[in-house]
Structure formats: structure tokens, C-alpha cells
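Below is one structure, written out as C-alpha cells; the observations come after it.
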Number of protein chains: 4
Amino acid sequence: MLNRVILIGRLTADPTLKYTPSGVAVTQFTLAVDRPFNSQGGEREADFIPVVTWRQLAETCANYLRKGRLTAVEGRIQVRNYENNEGKRVYVTEVVADNVRFLGPNNGNPSGQGNDAFKPDKKYGDPFADDGKPIDIPDEDLPF
Amino acid sequence: MLNRVILIGRLTADPTLKYTPSGVAVTQFTLAVDRPFNSQGGEREADFIPVVTWRQLAETCANYLRKGRLTAVEGRIQVRNYENNEGKRVYVTEVVADNVRFLGPNNGNPSGQGNDAFKPDKKYGDPFADDGKPIDIPDEDLPF
Amino acid sequence: MLNRVILIGRLTADPTLKYTPSGVAVTQFTLAVDRPFNSQGGEREADFIPVVTWRQLAETCANYLRKGRLTAVEGRIQVRNYENNEGKRVYVTEVVADNVRFLGPNNGNPSGQGNDAFKPDKKYGDPFADDGKPIDIPDEDLPF
Amino acid sequence: MLNRVILIGRLTADPTLKYTPSGVAVTQFTLAVDRPFNSQGGEREADFIPVVTWRQLAETCANYLRKGRLTAVEGRIQVRNYENNEGKRVYVTEVVADNVRFLGPNNGNPSGQGNDAFKPDKKYGDPFADDGKPIDIPDEDLPF
DNA sequence: TTTT
DNA sequence: TTTT
């Protein structure tokens, strides 16, 4: 009934922009969020949290976010599941963002030159290619 | 650098209270959080989000929370990983709570009678038995 | 650049539904939010936080919320100011809600019978009559 | 029962560090938080939100925060009131922070040279001198 | 009274 | 001015 997440962290890599079969933009990236200092010393630790954005926000994120950039994300936790190649159910937890703030200094080119994310081939297929499951979500069922 | 989650949902089952080898209480439960209405009709949908609490809060949750109870949880997203039986790295995402509010009507017995969670056998081993990985976290490394 | 508030508390009174000159619904109420226990004993304390909602959400809140009802509110802090009768600038801080959850048991009548809030007279004037300042906000400038 | 605020904005001025009569550090500053773009064009708008921090966090904020610095704040809304010189009750709404992140580039000197906030005279009196009301809060009643 |  |  209420599900709200706010994160500030850094992108672990350039974002990935893809499109659903019906042409809806979806961008994914992972935020490294440092845990509060472990006073006992020890190494620096972080949580690596997958983030998804949709539609207009997806395009904007793909255009402006880059690896290492400090970013604030607002959204909700989503747990989706699918059957993998071996017929086993896999659960994926991610943050579906509805608000993203670019906090790092804008190191320039929103043109995204030299970044794969900027040559989206509008390939029709799974926007989450890594898990090998094509998704074909009708627009009215999109998580955002 | 900032990682905050607020959830309101219902327990999918009674909470599970266990103890780490060093005797620290840890309680786990899953919150079913209804997604905002899908105006297109369709079935009711929910996210099922695993929650962990530690120490004093763990004891309190085990004492007062029960299946179906409406509950508010504040905490942070944590992604831990371990190697499973087949030597594959598995990622578990959960909310580590530092604040829990019992919203449902208090249906009585905090004594927890008739609930397995109330006969913790202080078994020394993995507090997250399901993934089959014993953990032996020294107190100063506890996530909370 | 980011401004998010989440409250759970109880209405101190029935909500007040009014309309802007251009006919936009606006509902106000105050949430009493208990502070965390003061271990030193002492009396129970609470913060009394004014909440505003607009449009469709305003109508819904006026229909379902009542004095004493446990309620979750999501929104942002807004500080508006106006000149009072004595020509002094007054600052009003309130939470502009974009999401409201009714947590208490639904004590029945959404018809709102016997409650002033249900006979809005569409009076053209200040929706926040108490401070005596008429506001005539063009729709495109509404805070929500 | 739950009261959480997360803000990202810029300091409108250097923070002010003072001490309560019993010697507890308290730092105040105001965050300018830009509102989401008003698509209708129009001027840039912001909310100016007063923030208070206590104890160790107060010292750290006084040492590192400066006018204009981008800052994330986590805390709760507090509404305190006092009687002013004319015997009228005045309500002050502010965010009591328990977590502060410095997001701007660290423009150097944490020594705070050339900033009044760094020569706290430990004056015994109201840490919120502007409203002219001395406060003498026993340590166990501090809001944080 | 306000920040970039 | 306040809720349970």
C-alpha cells in the first residue's frame, strides 16, 4: 500500500537503454550505495542496487547518466520473477524509479557520443537481455 | 551514501526468529505490498518484499507481528550474496529494518502462543536456513 | 531538487474541503504524529502537521478521512507565505500530499453524513479561510 | 508514528552553530529546494526549509557545510511553538536531521576559516536567538 | 531574508 | 487548538 525508496549513489557503469517490442524506452543501471561507515574499520562496503526507468525518464537517464556519476533516485521496490533456461523460477529485485536527480557535475556531453547506450538499435526483444527472457508487455501493463 | 525504504504492507506469514551463533536475535518476514491500482482492471498485484530485523527490534517483531498484520517498515535495501550448493553465486535483496510500526489492530496475544517463532531453539547455524548457508557474523560486523 | 515526506498519524479533526475560485478541490487536515517514546518517561508528545491535497485526491480524502483515523501520507514540504491583516509576512509550512492511504478500520460511511466537509458551498474565496487571505490561483499554477 | 523527510537542496547561507545552556551543540541552516519545473514556464521556484541538527552531527555540519553547497538531509518534521514578545503563540516548523550527506564538491577548508560559525562563543542562551526565546533544555529532553 |  |  506504500512502497517508497530513496537512494543516493554512483553508477557502476553506463546505463543501458533498450526498447520493448511495442517501442517503450527502458533504461537500466546499477547504483553503488556506500554503507554507513563500519566504525570497526574494515574495508569500504556498498550495496549494488539495480534501477529501472521507463519512457521519457528512461531517455533522459540514458542521455545524462554515466558511469561514476553521483545520482539520486526515487521510486519503489519491485520483485519480478521469470522462469530461466533451466525451468527454474528466478526472482529479480530492482528499484523502479519515477524521479532521478543528477548530482554529479555535468561532465558535458549529453550527446552521449562514444557510448553504446546511445546507439540503441530498437531491437525488438527482451529489454533485460541478460536473463534471456523476452518480454512483451502491452503498454497498459507497464510497471510505470 | 543514502539508502532509505519505507513500506506499508501485510505479513505473508508469521515472522521467523532465529539467532546467530553469537546469540544475536534476527527476525525475518515478508511484506506483501499491493501495487497501485492497475486502472486497466486486471487482477490485484503485489510485491513480496523480504524484511530482516536485528537485536531488540527482532525480538519485538517476533512477539507482536503475525501473518496478515498491516505493518509499516523503515530501513535500507541490502543486497547480500553467497555461493549456493552448486557453487553458483546467489544474490538476495532484502530490507534491513530499523523501525517497525504495527498498524493493524492488536489482535491480542503478544505471548505468541501457538507460533513456532516463539520456540526459538537458539540453534547455532544459519539464521537464513533456507539458503543453506551457515553464517557466523561477529557482532561488530552485523548489518545493524 | 528532492523533497519527500512520509507520515503516519491520526487526523486531529475532520478534513476541510473547499474550492479555489476556478473550482479546483482542495482538502486540508492536520496529522498528529506521535514522537518516538521519550524513555525518560514524561508525557506523550506529538507533532501536529498540516496536510493539503488537491483535485481528485482532495475529494477522496474529504470522503473517507475522519477525525482520529490512522492515515499514511506521502508528499513534499511546502513553505508558502502571505501578508496578513497587519501587513506582516506570515510563513506557513505544510505537506502537499500526492498519495494518501487510509489505514484505520473503515468506520463506515463514506457518505460523510453529518460532516460539514460534505456540504462544500463552492464559496469563491480563500480555500484557507483561517488566515483570511483570498487566493485565486490559476489552475496552471496549482502546487499539485 | 512515522515521520520521515528526505531533502536535497542548497544551503542559503553558512550554518549557525550554537550551544544550549547545558553545552549541547546545535546547528541550524536553511535548505533551498527547487520545486519541479513549472512547465508553464514562469520563474524558478524553491521551498526554503529550516533544518536543525544536534550534538556530534551539529559539529560536523558546522565544519563542512557552507552557503550554496548541495546537501542531502534525512530527518523528521518538527513543529515547536513558543510565546513571542507580544504574548502570541508562534509556530515554527523545521526538519530535525539525523543524517546529512555533503554532495557538493568539497571546496576545501573544513577548518571553516573566515566563517563566524567557527567561532562559537558557547554563549549560554537561546540557540535560536532570532525568536528571542531562551531555551534551557535538559539533555534528556533534547529532540535528538 | 534566501541557494545554483 | 489538537489524534489514539
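Convention: chains lettered A, B, ... in C-alpha cells order; per-chain residue numbering from 1; ligands numbered from 1 as shown.
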
Inset, instruction - Give the residues of chain A that lie within 9 Å of chain D; count only C-alpha atoms, and format the answer as a PyMOL selection string. - result: chain A and resi 6+8+70+72+103-105

Legend entry - Pick from C:Asn63, C:Thr53, C:Thr20, C:Gln28, whichever lies nearest to Val100 of chain C using only C-alpha atoms: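 Closest candidate: C:Thr53.
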
Inset, instruction - Pull out every residue of chain C sitting within 8 Å of chain F, counting only C-alpha atoms (C1' of nucleotides), and send them as a list in words. - result: Gly9, Arg10, Leu11, Thr12, Ala13, Leu31, Ala32, Val33, Phe48, Lys67 and Gly68 of chain C

Inset, instruction - Enter the distance from atom CA of Trp54 of chain A to atom CA of Glu74 of chain A, in Å, rounded to one decimal. - result: 13.1 Å

Inset, instruction - Looking only at helix (DSSP H, G or I) from DSSP on the backbone, list the matching residues of segment 6-73 of chain C as a ChimeraX atom specification. - result: /C:55-64

File dump, residues just selected, all heavy atoms, as a short mmCIF file (atom, residue, chain, number, x, y, z; two decimals), in the first residue's frame:
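What ended up in selection-v8.cif:
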data_model
loop_
_atom_site.label_atom_id
_atom_site.label_comp_id
_atom_site.auth_asym_id
_atom_site.auth_seq_id
_atom_site.Cartn_x
_atom_site.Cartn_y
_atom_site.Cartn_z
N ARG C 55 -7.40 18.45 -6.01
CA ARG C 55 -8.14 17.80 -7.09
C ARG C 55 -8.83 16.50 -6.66
O ARG C 55 -9.47 16.46 -5.63
CB ARG C 55 -7.18 17.51 -8.25
CG ARG C 55 -6.48 18.78 -8.76
CD ARG C 55 -5.45 18.44 -9.82
NE ARG C 55 -4.67 19.62 -10.20
CZ ARG C 55 -5.10 20.52 -11.10
NH1 ARG C 55 -6.24 20.36 -11.69
NH2 ARG C 55 -4.36 21.58 -11.36
N GLN C 56 -8.63 15.46 -7.45
CA GLN C 56 -9.33 14.20 -7.19
C GLN C 56 -8.99 13.65 -5.80
O GLN C 56 -9.84 13.17 -5.07
CB GLN C 56 -8.94 13.18 -8.27
CG GLN C 56 -9.46 11.77 -8.01
CD GLN C 56 -10.97 11.75 -7.81
OE1 GLN C 56 -11.70 12.40 -8.54
NE2 GLN C 56 -11.44 11.01 -6.81
N LEU C 57 -7.70 13.73 -5.46
CA LEU C 57 -7.28 13.22 -4.15
C LEU C 57 -7.96 14.00 -3.02
O LEU C 57 -8.28 13.43 -1.97
CB LEU C 57 -5.75 13.32 -4.03
CG LEU C 57 -5.13 12.75 -2.77
CD1 LEU C 57 -5.53 11.30 -2.55
CD2 LEU C 57 -3.61 12.87 -2.82
N ALA C 58 -8.19 15.28 -3.26
CA ALA C 58 -8.85 16.11 -2.25
C ALA C 58 -10.28 15.59 -1.99
O ALA C 58 -10.72 15.46 -0.86
CB ALA C 58 -8.89 17.56 -2.69
N GLU C 59 -10.95 15.28 -3.07
CA GLU C 59 -12.33 14.77 -2.95
C GLU C 59 -12.33 13.44 -2.18
O GLU C 59 -13.15 13.22 -1.28
CB GLU C 59 -12.96 14.55 -4.34
CG GLU C 59 -12.78 15.71 -5.30
CD GLU C 59 -14.01 16.64 -5.34
OE1 GLU C 59 -14.85 16.53 -4.45
OE2 GLU C 59 -14.09 17.46 -6.29
N THR C 60 -11.42 12.57 -2.56
CA THR C 60 -11.35 11.27 -1.90
C THR C 60 -11.05 11.41 -0.41
O THR C 60 -11.68 10.76 0.43
CB THR C 60 -10.27 10.40 -2.56
OG1 THR C 60 -10.44 10.42 -3.98
CG2 THR C 60 -10.34 8.96 -2.06
N CYS C 61 -10.11 12.26 -0.08
CA CYS C 61 -9.77 12.46 1.33
C CYS C 61 -10.98 12.99 2.09
O CYS C 61 -11.27 12.55 3.21
CB CYS C 61 -8.60 13.43 1.46
SG CYS C 61 -7.03 12.71 0.98
N ALA C 62 -11.67 13.95 1.51
CA ALA C 62 -12.84 14.53 2.18
C ALA C 62 -13.91 13.46 2.39
O ALA C 62 -14.63 13.47 3.38
CB ALA C 62 -13.40 15.69 1.37
N ASN C 63 -13.98 12.51 1.46
CA ASN C 63 -15.00 11.47 1.56
C ASN C 63 -14.66 10.39 2.59
O ASN C 63 -15.55 9.84 3.22
CB ASN C 63 -15.20 10.80 0.20
CG ASN C 63 -16.09 11.62 -0.69
OD1 ASN C 63 -16.94 12.37 -0.20
ND2 ASN C 63 -15.91 11.50 -1.99
N TYR C 64 -13.40 10.07 2.74
CA TYR C 64 -13.05 8.91 3.54
C TYR C 64 -12.34 9.21 4.86
O TYR C 64 -12.35 8.39 5.77
CB TYR C 64 -12.20 7.95 2.72
CG TYR C 64 -13.00 7.25 1.66
CD1 TYR C 64 -13.05 7.74 0.36
CD2 TYR C 64 -13.75 6.12 1.98
CE1 TYR C 64 -13.82 7.11 -0.61
CE2 TYR C 64 -14.51 5.49 1.02
CZ TYR C 64 -14.55 5.99 -0.28
OH TYR C 64 -15.31 5.37 -1.21
#

Legend entry - Near-segment 78-94 of chain A list (6 Å; only C-alpha atoms (C1' of nucleotides); drop same-chain fewer than 6 positions) as JSON, numbers by chain: {"A": [50, 51], "B": [47]}

Inset, instruction - Per DSSP on the backbone, filter segment 56-100 of chain D down to the residues in strand (DSSP E or B) and report them as a PyMOL selection string. - result: chain D and resi 70-83+89-100

Write out the residues from the selection above, keeping C-alpha atoms, as a PDB file, in the first residue's frame.
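Saved file result-v7.pdb follows:
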ATOM      1  CA  LEU D  70      24.430  20.799  -2.350  1.00  0.00           C
ATOM      2  CA  THR D  71      23.311  18.702   0.585  1.00  0.00           C
ATOM      3  CA  ALA D  72      21.066  15.752   1.355  1.00  0.00           C
ATOM      4  CA  VAL D  73      19.227  15.682   4.648  1.00  0.00           C
ATOM      5  CA  GLU D  74      17.270  12.929   6.331  1.00  0.00           C
ATOM      6  CA  GLY D  75      15.146  13.531   9.385  1.00  0.00           C
ATOM      7  CA  ARG D  76      11.717  14.311  10.690  1.00  0.00           C
ATOM      8  CA  ILE D  77       9.372  17.276  10.687  1.00  0.00           C
ATOM      9  CA  GLN D  78       9.057  19.005  13.991  1.00  0.00           C
ATOM     10  CA  VAL D  79       6.577  21.682  14.929  1.00  0.00           C
ATOM     11  CA  ARG D  80       7.586  23.574  18.027  1.00  0.00           C
ATOM     12  CA  ASN D  81       5.911  26.643  19.378  1.00  0.00           C
ATOM     13  CA  TYR D  82       6.717  29.383  21.799  1.00  0.00           C
ATOM     14  CA  GLU D  83       5.203  32.626  23.022  1.00  0.00           C
ATOM     15  CA  ARG D  89       1.966  31.808  20.220  1.00  0.00           C
ATOM     16  CA  VAL D  90       4.286  31.302  17.265  1.00  0.00           C
ATOM     17  CA  TYR D  91       4.652  28.004  15.431  1.00  0.00           C
ATOM     18  CA  VAL D  92       7.970  27.010  13.922  1.00  0.00           C
ATOM     19  CA  THR D  93       8.259  24.099  11.545  1.00  0.00           C
ATOM     20  CA  GLU D  94      11.679  22.654  10.871  1.00  0.00           C
ATOM     21  CA  VAL D  95      13.376  19.424   9.923  1.00  0.00           C
ATOM     22  CA  VAL D  96      15.352  17.748  12.698  1.00  0.00           C
ATOM     23  CA  ALA D  97      18.059  15.925  10.787  1.00  0.00           C
ATOM     24  CA  ASP D  98      19.656  12.666  11.860  1.00  0.00           C
ATOM     25  CA  ASN D  99      21.630  12.106   8.688  1.00  0.00           C
ATOM     26  CA  VAL D 100      23.331  14.640   6.439  1.00  0.00           C
TER      27      VAL D 100
END

Inset, instruction - Provide the atom CA of Arg44 of chain D to atom CA of Phe29 of chain D distance in Å, to one decimal place. - result: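 Separation of atom CA of Arg44 of chain D and atom CA of Phe29 of chain D: 21.3 Å.
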
Inset, instruction - Quick one: pull the distance between atom CA of Val5 of chain C and atom CA of Arg35 of chain D, Å, one decimal. - result: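 If I compute the distance from atom CA of Val5 of chain C to atom CA of Arg35 of chain D, I get 14.1 Å.
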
Inset, instruction - Considering only C-alpha atoms, state which residue in the set C:Leu65, C:Ala46, C:Leu2, C:Val52 is at the smallest distance from Asp34 of chain C. - result: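 Answer, going by the shortest atom-to-atom distance: C:Ala46.
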